[in-house]
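Heads up, structure17.json below (JSON, C-alpha atoms):
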[["chain", "number", "residue", "atom", "x", "y", "z"],
["A", 15, "MET", "CA", 0.00, 0.00, 0.00],
["A", 16, "THR", "CA", 1.42, 3.34, -1.04],
["A", 17, "LYS", "CA", 0.49, 6.75, 0.32],
["A", 18, "SER", "CA", -1.72, 7.41, -2.73],
["A", 19, "GLU", "CA", -3.52, 4.11, -2.19],
["A", 20, "LEU", "CA", -4.00, 4.99, 1.46],
["A", 21, "ILE", "CA", -5.47, 8.37, 0.44],
["A", 22, "GLN", "CA", -7.70, 6.58, -2.07],
["A", 23, "ARG", "CA", -9.01, 4.17, 0.60],
["A", 24, "ILE", "CA", -9.75, 6.97, 3.07],
["A", 25, "ALA", "CA", -11.47, 8.96, 0.32],
["A", 26, "GLU", "CA", -13.68, 5.95, -0.53],
["A", 27, "ARG", "CA", -14.72, 5.64, 3.10],
["A", 28, "ASN", "CA", -15.51, 9.39, 3.25],
["A", 29, "PRO", "CA", -17.47, 10.23, 0.11],
["A", 30, "HIS", "CA", -18.43, 13.63, 1.59],
["A", 31, "LEU", "CA", -14.78, 14.79, 1.49],
["A", 32, "TYR", "CA", -12.84, 16.01, -1.52],
["A", 33, "GLN", "CA", -9.93, 13.75, -2.39],
["A", 34, "ARG", "CA", -7.56, 16.74, -2.21],
["A", 35, "ASP", "CA", -8.67, 17.36, 1.38],
["A", 36, "VAL", "CA", -8.10, 13.71, 2.23],
["A", 37, "ALA", "CA", -4.61, 14.06, 0.76],
["A", 38, "ARG", "CA", -4.02, 17.12, 2.97],
["A", 39, "ILE", "CA", -5.24, 15.21, 6.02],
["A", 40, "VAL", "CA", -2.98, 12.23, 5.39],
["A", 41, "ASN", "CA", 0.01, 14.47, 4.65],
["A", 42, "THR", "CA", -0.66, 16.50, 7.79],
["A", 43, "ILE", "CA", -0.52, 13.37, 9.95],
["A", 44, "PHE", "CA", 2.87, 12.23, 8.64],
["A", 45, "ASP", "CA", 4.19, 15.77, 8.60],
["A", 46, "GLU", "CA", 3.21, 16.23, 12.23],
["A", 47, "ILE", "CA", 5.00, 13.02, 13.21],
["A", 48, "GLY", "CA", 8.08, 14.23, 11.31],
["A", 49, "SER", "CA", 8.01, 17.63, 13.04],
["A", 50, "ALA", "CA", 7.76, 15.99, 16.44],
["A", 51, "LEU", "CA", 10.79, 13.81, 15.71],
["A", 52, "GLU", "CA", 12.65, 16.85, 14.40],
["A", 53, "ARG", "CA", 12.09, 18.58, 17.76],
["A", 54, "GLY", "CA", 13.28, 15.46, 19.57],
["A", 55, "ASP", "CA", 9.77, 14.61, 20.77],
["A", 56, "ARG", "CA", 8.34, 11.13, 20.91],
["A", 57, "VAL", "CA", 5.13, 10.11, 19.15],
["A", 58, "GLU", "CA", 3.10, 7.48, 20.92],
["A", 59, "LEU", "CA", 0.11, 5.99, 19.13],
["A", 60, "ARG", "CA", -1.33, 3.34, 21.45],
["A", 61, "GLY", "CA", -2.13, 0.09, 19.72],
["A", 62, "PHE", "CA", -0.18, 1.09, 16.61],
["A", 63, "GLY", "CA", 3.31, 1.98, 17.77],
["A", 64, "ALA", "CA", 5.69, 4.67, 18.93],
["A", 65, "PHE", "CA", 8.14, 6.78, 16.94],
["A", 66, "SER", "CA", 11.23, 8.19, 18.60],
["A", 67, "THR", "CA", 14.78, 9.15, 17.73],
["A", 68, "LYS", "CA", 17.96, 7.55, 18.94],
["A", 69, "GLN", "CA", 21.31, 9.31, 19.18],
["A", 70, "ARG", "CA", 24.30, 7.84, 17.40],
["A", 71, "ASP", "CA", 27.75, 9.03, 18.47],
["A", 72, "ALA", "CA", 30.32, 10.32, 16.01],
["A", 73, "ARG", "CA", 32.55, 7.50, 14.83],
["A", 74, "THR", "CA", 35.31, 6.71, 12.42],
["A", 75, "GLY", "CA", 33.93, 4.67, 9.58],
["A", 76, "ARG", "CA", 35.48, 3.16, 6.54],
["A", 77, "ASN", "CA", 34.65, 3.43, 2.89],
["A", 78, "PRO", "CA", 33.99, -0.25, 2.17],
["A", 79, "ARG", "CA", 35.23, 0.07, -1.38],
["A", 80, "THR", "CA", 38.51, 1.86, -0.84],
["A", 81, "GLY", "CA", 39.16, 1.11, 2.82],
["A", 82, "ASP", "CA", 39.76, 4.83, 3.52],
["A", 83, "THR", "CA", 38.79, 6.01, 6.98],
["A", 84, "VAL", "CA", 36.09, 8.68, 7.12],
["A", 85, "ASP", "CA", 34.71, 10.65, 10.05],
["A", 86, "VAL", "CA", 31.02, 10.08, 10.56],
["A", 87, "ASP", "CA", 29.29, 12.86, 12.53],
["A", 88, "ALA", "CA", 27.00, 12.23, 15.47],
["A", 89, "LYS", "CA", 23.41, 11.98, 14.30],
["A", 90, "ALA", "CA", 19.90, 11.09, 15.35],
["A", 91, "VAL", "CA", 18.11, 8.18, 13.68],
["A", 92, "PRO", "CA", 14.36, 7.57, 13.67],
["A", 93, "TYR", "CA", 13.12, 4.49, 15.47],
["A", 94, "PHE", "CA", 9.72, 2.75, 15.48],
["A", 95, "LYS", "CA", 8.51, 0.29, 18.08],
["A", 96, "THR", "CA", 5.41, -1.70, 17.18],
["A", 97, "GLY", "CA", 2.50, -1.32, 19.60],
["A", 98, "LYS", "CA", 1.24, -4.27, 21.59],
["A", 99, "GLN", "CA", -2.12, -4.57, 19.86],
["A", 100, "LEU", "CA", -0.67, -4.46, 16.33],
["A", 101, "ARG", "CA", 2.07, -6.91, 17.31],
["A", 102, "GLU", "CA", -0.59, -9.32, 18.54],
["A", 103, "ARG", "CA", -2.68, -8.88, 15.41],
["A", 104, "LEU", "CA", 0.36, -9.60, 13.22],
["A", 105, "ASN", "CA", 0.64, -12.91, 15.01],
["A", 106, "GLY", "CA", -2.97, -13.90, 14.67],
["A", 107, "GLY", "CA", -4.08, -12.42, 18.00],
["B", 4, "MET", "CA", 16.93, 15.39, 25.06],
["B", 5, "ALA", "CA", 13.49, 13.78, 24.75],
["B", 6, "GLY", "CA", 10.87, 16.52, 25.07],
["B", 7, "ARG", "CA", 7.20, 15.87, 25.19],
["B", 8, "THR", "CA", 5.18, 12.97, 23.91],
["B", 9, "ILE", "CA", 2.86, 13.53, 20.97],
["B", 10, "THR", "CA", -0.32, 11.46, 20.92],
["B", 11, "ARG", "CA", -3.38, 10.85, 18.74],
["B", 12, "ALA", "CA", -4.97, 13.94, 20.26],
["B", 13, "ASP", "CA", -2.13, 16.14, 18.90],
["B", 14, "LEU", "CA", -2.44, 14.57, 15.45],
["B", 15, "GLY", "CA", -6.21, 15.12, 15.55],
["B", 16, "GLU", "CA", -5.63, 18.74, 16.52],
["B", 17, "ALA", "CA", -3.18, 19.22, 13.62],
["B", 18, "VAL", "CA", -5.75, 17.83, 11.17],
["B", 19, "TYR", "CA", -8.41, 20.05, 12.73],
["B", 20, "GLN", "CA", -6.21, 23.14, 12.23],
["B", 21, "GLU", "CA", -5.30, 22.21, 8.66],
["B", 22, "VAL", "CA", -8.69, 21.26, 7.22],
["B", 23, "GLY", "CA", -11.95, 22.84, 8.31],
["B", 24, "LEU", "CA", -13.46, 19.70, 9.83],
["B", 25, "SER", "CA", -14.82, 19.25, 13.35],
["B", 26, "ARG", "CA", -12.45, 18.07, 16.07],
["B", 27, "ASN", "CA", -14.42, 14.88, 16.31],
["B", 28, "GLU", "CA", -14.19, 14.07, 12.63],
["B", 29, "SER", "CA", -10.49, 15.04, 12.58],
["B", 30, "SER", "CA", -9.79, 12.48, 15.30],
["B", 31, "GLU", "CA", -11.81, 9.84, 13.48],
["B", 32, "LEU", "CA", -9.74, 10.42, 10.34],
["B", 33, "VAL", "CA", -6.48, 9.96, 12.26],
["B", 34, "GLU", "CA", -7.87, 6.68, 13.58],
["B", 35, "MET", "CA", -8.96, 5.60, 10.11],
["B", 36, "VAL", "CA", -5.48, 6.22, 8.70],
["B", 37, "LEU", "CA", -3.86, 4.12, 11.44],
["B", 38, "ASP", "CA", -6.47, 1.38, 10.95],
["B", 39, "GLU", "CA", -5.97, 1.20, 7.20],
["B", 40, "MET", "CA", -2.20, 0.98, 7.67],
["B", 41, "SER", "CA", -2.55, -1.70, 10.37],
["B", 42, "ASP", "CA", -4.96, -3.76, 8.25],
["B", 43, "ALA", "CA", -2.60, -3.67, 5.26],
["B", 44, "LEU", "CA", 0.32, -4.76, 7.45],
["B", 45, "VAL", "CA", -1.70, -7.59, 9.01],
["B", 46, "ARG", "CA", -2.57, -8.76, 5.46],
["B", 47, "GLY", "CA", 1.18, -8.94, 4.88],
["B", 48, "GLU", "CA", 1.33, -5.89, 2.62],
["B", 49, "LEU", "CA", 4.13, -3.37, 2.61],
["B", 50, "VAL", "CA", 3.08, 0.17, 3.52],
["B", 51, "LYS", "CA", 5.13, 2.78, 1.70],
["B", 52, "ILE", "CA", 4.63, 6.42, 2.64],
["B", 53, "SER", "CA", 6.75, 8.58, 0.36],
["B", 54, "SER", "CA", 9.02, 11.10, 2.09],
["B", 55, "PHE", "CA", 8.24, 9.40, 5.42],
["B", 56, "GLY", "CA", 9.20, 5.74, 5.36],
["B", 57, "THR", "CA", 8.27, 2.13, 4.67],
["B", 58, "PHE", "CA", 6.74, -0.42, 7.02],
["B", 59, "THR", "CA", 7.25, -4.09, 6.20],
["B", 60, "SER", "CA", 6.49, -7.24, 8.11],
["B", 61, "ARG", "CA", 9.18, -9.84, 8.43],
["B", 62, "GLU", "CA", 8.92, -13.50, 9.40],
["B", 63, "LYS", "CA", 11.24, -14.58, 12.20],
["B", 64, "GLY", "CA", 12.10, -18.24, 12.67],
["B", 65, "GLU", "CA", 12.08, -20.07, 15.96],
["B", 66, "ARG", "CA", 15.15, -19.64, 18.16],
["B", 67, "ILE", "CA", 16.23, -20.53, 21.64],
["B", 68, "GLY", "CA", 16.10, -17.63, 24.04],
["B", 69, "ARG", "CA", 16.95, -17.42, 27.68],
["B", 70, "ASN", "CA", 15.07, -15.99, 30.61],
["B", 71, "PRO", "CA", 17.58, -13.35, 31.71],
["B", 72, "LYS", "CA", 16.50, -13.65, 35.32],
["B", 73, "THR", "CA", 16.62, -17.41, 35.75],
["B", 74, "GLY", "CA", 18.97, -18.38, 32.91],
["B", 75, "GLU", "CA", 16.36, -20.91, 31.83],
["B", 76, "GLU", "CA", 16.25, -21.76, 28.11],
["B", 77, "VAL", "CA", 12.92, -21.09, 26.45],
["B", 78, "PRO", "CA", 11.97, -21.49, 22.78],
["B", 79, "ILE", "CA", 10.99, -18.23, 21.07],
["B", 80, "LEU", "CA", 8.28, -19.25, 18.61],
["B", 81, "PRO", "CA", 8.23, -18.15, 14.97],
["B", 82, "ARG", "CA", 6.54, -14.76, 14.69],
["B", 83, "ARG", "CA", 5.99, -11.76, 12.46],
["B", 84, "VAL", "CA", 7.65, -8.49, 13.34],
["B", 85, "LEU", "CA", 7.33, -5.03, 11.82],
["B", 86, "VAL", "CA", 10.28, -3.17, 10.44],
["B", 87, "PHE", "CA", 10.16, 0.58, 9.80],
["B", 88, "ARG", "CA", 12.69, 2.08, 7.42],
["B", 89, "ALA", "CA", 12.70, 5.86, 7.52],
["B", 90, "SER", "CA", 13.04, 7.61, 4.16],
["B", 91, "HIS", "CA", 16.05, 9.83, 3.47],
["B", 92, "VAL", "CA", 13.76, 12.85, 3.59],
["B", 93, "LEU", "CA", 12.75, 12.03, 7.17],
["B", 94, "LYS", "CA", 16.31, 11.17, 8.23],
["B", 95, "ASN", "CA", 17.62, 14.45, 6.82],
["B", 96, "ARG", "CA", 14.81, 16.36, 8.44],
["B", 97, "ILE", "CA", 15.60, 14.94, 11.86],
["B", 98, "ASN", "CA", 19.23, 15.98, 11.55],
["B", 99, "SER", "CA", 18.70, 19.36, 9.93],
["B", 100, "GLY", "CA", 18.28, 21.31, 13.16],
["B", 101, "ARG", "CA", 21.24, 19.77, 14.95],
["B", 102, "ARG", "CA", 24.90, 20.62, 14.69],
["B", 103, "ALA", "CA", 27.23, 17.67, 15.12]]
How would this structure read if it were set down as C-alpha coordinates?
Amino acid sequence: MTKSELIQRIAERNPHLYQRDVARIVNTIFDEIGSALERGDRVELRGFGAFSTKQRDARTGRNPRTGDTVDVDAKAVPYFKTGKQLRERLNGG
Amino acid sequence: MAGRTITRADLGEAVYQEVGLSRNESSELVEMVLDEMSDALVRGELVKISSFGTFTSREKGERIGRNPKTGEEVPILPRRVLVFRASHVLKNRINSGRRA
(Lines of atoms letter the chains of each structure in order from A and count residues from 1; the text may use other names and numbers.)
(Lines give C-alpha, C1' and ligand atoms only; values in the text may rest on other atoms or scores of the structure.)
Protein backbone atom coordinates (compact mmCIF):
# COMPACT_ATOMS: atom_id res chain seq x y z
CA MET A 1 0.00 0.00 0.00
CA THR A 2 1.42 3.34 -1.04
CA LYS A 3 0.49 6.75 0.32
CA SER A 4 -1.72 7.41 -2.73
CA GLU A 5 -3.52 4.11 -2.19
CA LEU A 6 -4.00 4.99 1.46
CA ILE A 7 -5.47 8.37 0.44
CA GLN A 8 -7.70 6.58 -2.07
CA ARG A 9 -9.01 4.17 0.60
CA ILE A 10 -9.75 6.97 3.07
CA ALA A 11 -11.47 8.96 0.32
CA GLU A 12 -13.68 5.95 -0.53
CA ARG A 13 -14.72 5.64 3.10
CA ASN A 14 -15.51 9.39 3.25
CA PRO A 15 -17.47 10.23 0.11
CA HIS A 16 -18.43 13.63 1.59
CA LEU A 17 -14.78 14.79 1.49
CA TYR A 18 -12.84 16.01 -1.52
CA GLN A 19 -9.93 13.75 -2.39
CA ARG A 20 -7.56 16.74 -2.21
CA ASP A 21 -8.67 17.36 1.38
CA VAL A 22 -8.10 13.71 2.23
CA ALA A 23 -4.61 14.06 0.76
CA ARG A 24 -4.02 17.12 2.97
CA ILE A 25 -5.24 15.21 6.02
CA VAL A 26 -2.98 12.23 5.39
CA ASN A 27 0.01 14.47 4.65
CA THR A 28 -0.66 16.50 7.79
CA ILE A 29 -0.52 13.37 9.95
CA PHE A 30 2.87 12.23 8.64
CA ASP A 31 4.19 15.77 8.60
CA GLU A 32 3.21 16.23 12.23
CA ILE A 33 5.00 13.02 13.21
CA GLY A 34 8.08 14.23 11.31
CA SER A 35 8.01 17.63 13.04
CA ALA A 36 7.76 15.99 16.44
CA LEU A 37 10.79 13.81 15.71
CA GLU A 38 12.65 16.85 14.40
CA ARG A 39 12.09 18.58 17.76
CA GLY A 40 13.28 15.46 19.57
CA ASP A 41 9.77 14.61 20.77
CA ARG A 42 8.34 11.13 20.91
CA VAL A 43 5.13 10.11 19.15
CA GLU A 44 3.10 7.48 20.92
CA LEU A 45 0.11 5.99 19.13
CA ARG A 46 -1.33 3.34 21.45
CA GLY A 47 -2.13 0.09 19.72
CA PHE A 48 -0.18 1.09 16.61
CA GLY A 49 3.31 1.98 17.77
CA ALA A 50 5.69 4.67 18.93
CA PHE A 51 8.14 6.78 16.94
CA SER A 52 11.23 8.19 18.60
CA THR A 53 14.78 9.15 17.73
CA LYS A 54 17.96 7.55 18.94
CA GLN A 55 21.31 9.31 19.18
CA ARG A 56 24.30 7.84 17.40
CA ASP A 57 27.75 9.03 18.47
CA ALA A 58 30.32 10.32 16.01
CA ARG A 59 32.55 7.50 14.83
CA THR A 60 35.31 6.71 12.42
CA GLY A 61 33.93 4.67 9.58
CA ARG A 62 35.48 3.16 6.54
CA ASN A 63 34.65 3.43 2.89
CA PRO A 64 33.99 -0.25 2.17
CA ARG A 65 35.23 0.07 -1.38
CA THR A 66 38.51 1.86 -0.84
CA GLY A 67 39.16 1.11 2.82
CA ASP A 68 39.76 4.83 3.52
CA THR A 69 38.79 6.01 6.98
CA VAL A 70 36.09 8.68 7.12
CA ASP A 71 34.71 10.65 10.05
CA VAL A 72 31.02 10.08 10.56
CA ASP A 73 29.29 12.86 12.53
CA ALA A 74 27.00 12.23 15.47
CA LYS A 75 23.41 11.98 14.30
CA ALA A 76 19.90 11.09 15.35
CA VAL A 77 18.11 8.18 13.68
CA PRO A 78 14.36 7.57 13.67
CA TYR A 79 13.12 4.49 15.47
CA PHE A 80 9.72 2.75 15.48
CA LYS A 81 8.51 0.29 18.08
CA THR A 82 5.41 -1.70 17.18
CA GLY A 83 2.50 -1.32 19.60
CA LYS A 84 1.24 -4.27 21.59
CA GLN A 85 -2.12 -4.57 19.86
CA LEU A 86 -0.67 -4.46 16.33
CA ARG A 87 2.07 -6.91 17.31
CA GLU A 88 -0.59 -9.32 18.54
CA ARG A 89 -2.68 -8.88 15.41
CA LEU A 90 0.36 -9.60 13.22
CA ASN A 91 0.64 -12.91 15.01
CA GLY A 92 -2.97 -13.90 14.67
CA GLY A 93 -4.08 -12.42 18.00
CA MET B 1 16.93 15.39 25.06
CA ALA B 2 13.49 13.78 24.75
CA GLY B 3 10.87 16.52 25.07
CA ARG B 4 7.20 15.87 25.19
CA THR B 5 5.18 12.97 23.91
CA ILE B 6 2.86 13.53 20.97
CA THR B 7 -0.32 11.46 20.92
CA ARG B 8 -3.38 10.85 18.74
CA ALA B 9 -4.97 13.94 20.26
CA ASP B 10 -2.13 16.14 18.90
CA LEU B 11 -2.44 14.57 15.45
CA GLY B 12 -6.21 15.12 15.55
CA GLU B 13 -5.63 18.74 16.52
CA ALA B 14 -3.18 19.22 13.62
CA VAL B 15 -5.75 17.83 11.17
CA TYR B 16 -8.41 20.05 12.73
CA GLN B 17 -6.21 23.14 12.23
CA GLU B 18 -5.30 22.21 8.66
CA VAL B 19 -8.69 21.26 7.22
CA GLY B 20 -11.95 22.84 8.31
CA LEU B 21 -13.46 19.70 9.83
CA SER B 22 -14.82 19.25 13.35
CA ARG B 23 -12.45 18.07 16.07
CA ASN B 24 -14.42 14.88 16.31
CA GLU B 25 -14.19 14.07 12.63
CA SER B 26 -10.49 15.04 12.58
CA SER B 27 -9.79 12.48 15.30
CA GLU B 28 -11.81 9.84 13.48
CA LEU B 29 -9.74 10.42 10.34
CA VAL B 30 -6.48 9.96 12.26
CA GLU B 31 -7.87 6.68 13.58
CA MET B 32 -8.96 5.60 10.11
CA VAL B 33 -5.48 6.22 8.70
CA LEU B 34 -3.86 4.12 11.44
CA ASP B 35 -6.47 1.38 10.95
CA GLU B 36 -5.97 1.20 7.20
CA MET B 37 -2.20 0.98 7.67
CA SER B 38 -2.55 -1.70 10.37
CA ASP B 39 -4.96 -3.76 8.25
CA ALA B 40 -2.60 -3.67 5.26
CA LEU B 41 0.32 -4.76 7.45
CA VAL B 42 -1.70 -7.59 9.01
CA ARG B 43 -2.57 -8.76 5.46
CA GLY B 44 1.18 -8.94 4.88
CA GLU B 45 1.33 -5.89 2.62
CA LEU B 46 4.13 -3.37 2.61
CA VAL B 47 3.08 0.17 3.52
CA LYS B 48 5.13 2.78 1.70
CA ILE B 49 4.63 6.42 2.64
CA SER B 50 6.75 8.58 0.36
CA SER B 51 9.02 11.10 2.09
CA PHE B 52 8.24 9.40 5.42
CA GLY B 53 9.20 5.74 5.36
CA THR B 54 8.27 2.13 4.67
CA PHE B 55 6.74 -0.42 7.02
CA THR B 56 7.25 -4.09 6.20
CA SER B 57 6.49 -7.24 8.11
CA ARG B 58 9.18 -9.84 8.43
CA GLU B 59 8.92 -13.50 9.40
CA LYS B 60 11.24 -14.58 12.20
CA GLY B 61 12.10 -18.24 12.67
CA GLU B 62 12.08 -20.07 15.96
CA ARG B 63 15.15 -19.64 18.16
CA ILE B 64 16.23 -20.53 21.64
CA GLY B 65 16.10 -17.63 24.04
CA ARG B 66 16.95 -17.42 27.68
CA ASN B 67 15.07 -15.99 30.61
CA PRO B 68 17.58 -13.35 31.71
CA LYS B 69 16.50 -13.65 35.32
CA THR B 70 16.62 -17.41 35.75
CA GLY B 71 18.97 -18.38 32.91
CA GLU B 72 16.36 -20.91 31.83
CA GLU B 73 16.25 -21.76 28.11
CA VAL B 74 12.92 -21.09 26.45
CA PRO B 75 11.97 -21.49 22.78
CA ILE B 76 10.99 -18.23 21.07
CA LEU B 77 8.28 -19.25 18.61
CA PRO B 78 8.23 -18.15 14.97
CA ARG B 79 6.54 -14.76 14.69
CA ARG B 80 5.99 -11.76 12.46
CA VAL B 81 7.65 -8.49 13.34
CA LEU B 82 7.33 -5.03 11.82
CA VAL B 83 10.28 -3.17 10.44
CA PHE B 84 10.16 0.58 9.80
CA ARG B 85 12.69 2.08 7.42
CA ALA B 86 12.70 5.86 7.52
CA SER B 87 13.04 7.61 4.16
CA HIS B 88 16.05 9.83 3.47
CA VAL B 89 13.76 12.85 3.59
CA LEU B 90 12.75 12.03 7.17
CA LYS B 91 16.31 11.17 8.23
CA ASN B 92 17.62 14.45 6.82
CA ARG B 93 14.81 16.36 8.44
CA ILE B 94 15.60 14.94 11.86
CA ASN B 95 19.23 15.98 11.55
CA SER B 96 18.70 19.36 9.93
CA GLY B 97 18.28 21.31 13.16
CA ARG B 98 21.24 19.77 14.95
CA ARG B 99 24.90 20.62 14.69
CA ALA B 100 27.23 17.67 15.12
Just want the 8 Å neighbourhood of stretch 17-29 of chain A, counted on only C-alpha atoms, with same-chain residues fewer than 5 positions away dropped. Output as a VMD selection string. (chain A and resid 36 to 37 40) or (chain B and resid 35 to 36 39 to 40 50 to 53)
Tell me the residues of chain B close to chain A, meaning within 8 Å using only C-alpha atoms, as a ChimeraX atom specification. /B:4-11,14,17-18,21-22,32-33,35-37,39-41,43-45,48-53,55,82-87,89,93-94,96-100,103
Rounded to one decimal place, report the atom CA of B:Ser29-atom CA of A:Gly107 distance in Å.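 Spanning atom CA of B:Ser29 to atom CA of A:Gly107 is a straight-line distance of 28.7 Å.
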Point-to-point distance from atom CA of B:His91 to atom CA of B:Gln20, Å rounded to tenths: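 Rounded to one decimal, the two atoms are 27.4 Å apart.
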Which distance in Å separates atom CA of B:Thr57 and atom CA of B:Asn95, to one decimal?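 Result for atom CA of B:Thr57 versus atom CA of B:Asn95: 15.6 Å, one decimal.
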